[in-house]
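Read through the structure below, which is laid out as structure tokens, and then see the notes.
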Amino acid sequence: MAMFPQPRISRVLSLLVSGTAFVFSLLLYTRFDLSDAGFQFKEQANLVPSLGIHYSVGLDGLSLWLILLTTFLTPLVILGSFRAVEKNVRGYYACLLILESSVVGTLASTDLFLFYLFWELMLIPAFFLIGLWGGKNRVQATLKFVLYTMFGSLLMLVGLLYITHEVKSFDYTMIFDHYFPEDVQFWCFLAFGLAFLIKVPLVPFHAWLPDAYTEAPAGATVYLSAILVKLGAYGLLRFCIPLFPTAAKDFAPALMILAVVGVVHGALMASIQTDFKRMTAYSSLSHMGLIVFGIFTFTASGLQGSLYLMVAHGVYMAGIFLLIGMLYERVQSHQMSDYGGLAKTMPLFAAMFLWIMVAAAGIPGFTGFVGEILILVSAYKIAPVLAVIAIIGFVLSAWYLFNLYGRLFFGAPKKKDGPKAHDLTFREGMVLLPLAFLVLWMGLTPNFFLRPAEKSLQLNVIEKLKPPPVMTDFAAQQRRIQEEVEKDNKRSHR
């Protein structure tokens with residue numbers, strides 16, 4: 001036991017478990033049928049048969065890449081935090097693995113009760129990761145994060161119970177085929193939509209984000225920015241639009257305006273920050289606003305661009321926050337003024353930071369460009385004024401990121417001799433190289449990542465937004481039958 005202390009065993013075991021999960025998740029893509037728009041790899045078992053609650057899971061093009069993103073990033077987060085976490089190591093990695101399981105469960109659930117169970121389960125490990133291993137203001141950040149998320153979850157629970165009561169089932173496929181009246185759609189869209197928009201988060205529901213990102217440890221921040229916020233956008237695509245299409249179309253103009261406000265607000269706030277972790281948090285807010293903007297264009301290219309950008313954003317934001325965590329391990333500061341001239345002492349680190357940063361800045365050839373250009377071109381056809389305003393955030397993003405890079409690596413240090421920081425270690429290189437490869441691969445071969453979602457987006461979003469002529473004809477037929485019955489009743493009374 002002296003040769004293998006408990007913290008080392010916890011680190012290695014959690015890395016092996018998460019790595020094994022990633023290897024098995026790769027089989028999902030190799031066996032995924034691109035021509036099938038429905039759920040694949042389905043499994044079902046009874047949980048509470050009397051209430052119609054089942055363990056029912058499956059995945060389609062909407063969830064495939066998000067599940068792979070989760071299983072891909074988890075071992076990198078674990079490996080990247082080998083030196084960052086020194087206290088209660090076993091609890092830290094247990095929280096990360098529970099968080100991974102709950103995220104995958106949320107994305108794979110095809111039973112609404114199971115979905116809500118995993119959705120709420122995510123909150124528990126996130127609460128402990130921020131509250132126990134966070135910075136000096138972690139308690140305030142944790143409370144704000146929990147209160148916002150719980151408020152949205154309770155609203156969604158009310159809407160979920162109502163629609164499952166109407167359909168008499170928690171089965172997503174049965175609810176998907178059910179047509180709800182317009183007034184029901186309005187209130188249910190509000191209930192589900194607020195929960196998902198708080199998770200994204202969209203302005204003005206974003207107050208929890210800067211504090212949570214700043215105070216959370218690097219690994220938890222990666223999960224928050226790269227994975228958890230994507231579940232809000234996923235919820236819009238999976239539930240809000242397919243189940244309540246009429247309400248979605250009614251709310252779309254307002255949500256597009258809020259999304260563009262978020263794009264610009266996040267970019268402006270990022271450009272004036274002195275804490276580079278807080279700056280990156282506002283940068284994430286801006287990019288998530290662009291994703292929501294693309295979703296509510298309701299165009300095929302805009303929806304594909306949003307789903308692609310969800311994955312791309314997860315990859316480059318994970319890289320940036322991991323790099324920031326590595327810097328913090330060396331200098332113990334997030335203030336830009338405490339850095340400068342790092343390119344001389346950390347050339348490999350500077351090169352890796354630049355590589356990941358250009359992807360976040362939307363430079364052509366890298367992953368960020370494809371999703372952003374698809375969204376902006378699609379949005380210009382629908383709402384040209386809003387699209388032009390959103391471009392401001394696109395330009396500001398490149399400006400503040402390159403400004404950050406210049407100050408960290410080529411600026412004059414606050415102290416005469418500058419911060420003493422060593423270059424990348426082998427372990428850190430093993431964490432960053434897969435991300436560096438992926439930001440280029442996604443940028444050069446976007447169709448590889450776009451194709452799996454094409455059929456599912458068509459079925460789940462575009463087709464559901466079309467008027468329901470069959471239901472309309474059926475309703476009219478029912479009214480005619482009712483009128484005939486009433487006439488016959490009047491005749492018989494006479």
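Residues in the structure tokens are numbered from 1 in each chain, the chains being A, B, ... in the order shown, and ligands are numbered from 1 in the order shown.
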Contacts of Phe176 (chain A) at 6 Å (only C-alpha atoms; same-chain gap of 3+ positions) as a PyMOL selection string: chain A and resi 172-173+243
Residues as selected, C-alpha atoms, written as a PDB file, in the first residue's frame, can you do that?
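Here's the written file out.pdb:
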```pdb
ATOM      1  CA  TYR A 172     -41.172   9.916 -25.386  1.00  0.00           C
ATOM      2  CA  THR A 173     -42.234   8.343 -28.683  1.00  0.00           C
ATOM      3  CA  LEU A 243     -43.526  18.620 -28.625  1.00  0.00           C
TER       4      LEU A 243
END
```
Selected residue, from A:Glu166, A:Asp250, A:Glu100, A:Glu43, that lies nearest to Glu182 (chain A) when counting only C-alpha atoms: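 Among the listed residues, the smallest separation from Glu182 (chain A) belongs to A:Asp250.
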Which of A:Pro467, A:Trp119, A:Asn447, A:Phe189 sits closest to Phe239 (chain A) [using only C-alpha atoms]: A:Phe189
Top pick for closest residue to Pro217 (chain A), considering A:Gly193, A:Gly135, A:Gly294, A:Gly159 and counting only C-alpha atoms: A:Gly135
All strand (DSSP E) positions in region 55-85 of chain A, as an MDAnalysis selection string: chainID A and resid 55:59
Preceding selection exported with C-alpha atoms as a CSV table (one decimal), in the first residue's frame:
```csv
chain,number,residue,atom,x,y,z
A,55,TYR,CA,-35.9,2.2,-18.0
A,56,SER,CA,-36.0,3.2,-21.6
A,57,VAL,CA,-32.9,4.4,-23.5
A,58,GLY,CA,-31.7,4.9,-27.0
A,59,LEU,CA,-30.0,7.5,-29.1
```
Distance query Leu62 (chain A) at most 12 Å, only C-alpha atoms, self and fewer than 4 positions along chain excluded, as a ChimeraX atom specification: /A:34,37-40,58,66-68,107-108,230-231,233-239,303-304,306-308,310-311,449-461
Closest of A:Met442, A:Ala383, A:Ile257, A:Leu224 to Pro364 (chain A) - atom-to-atom distances counting only C-alpha atoms: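 Smallest separation from Pro364 (chain A) among the options: A:Met442.
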Every residue of region 41-160 of chain A that DSSP places in helix (DSSP H, G or I), as a ChimeraX atom specification: /A:49-51,64-80,89-108,112-121,123-133,138-160
Among the residues A:Gln185, A:Ser102, A:Gln44, A:Gln140, the one that comes closest to Ala247 (chain A) [using only C-alpha atoms]: A:Gln185
Residue with smallest distance to Ala141 (chain A) - pool A:Leu117, A:Val23, A:Leu154, A:Ala207, counting only C-alpha atoms: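 With only C-alpha atoms as the atom set, the closest residue is A:Ala207.
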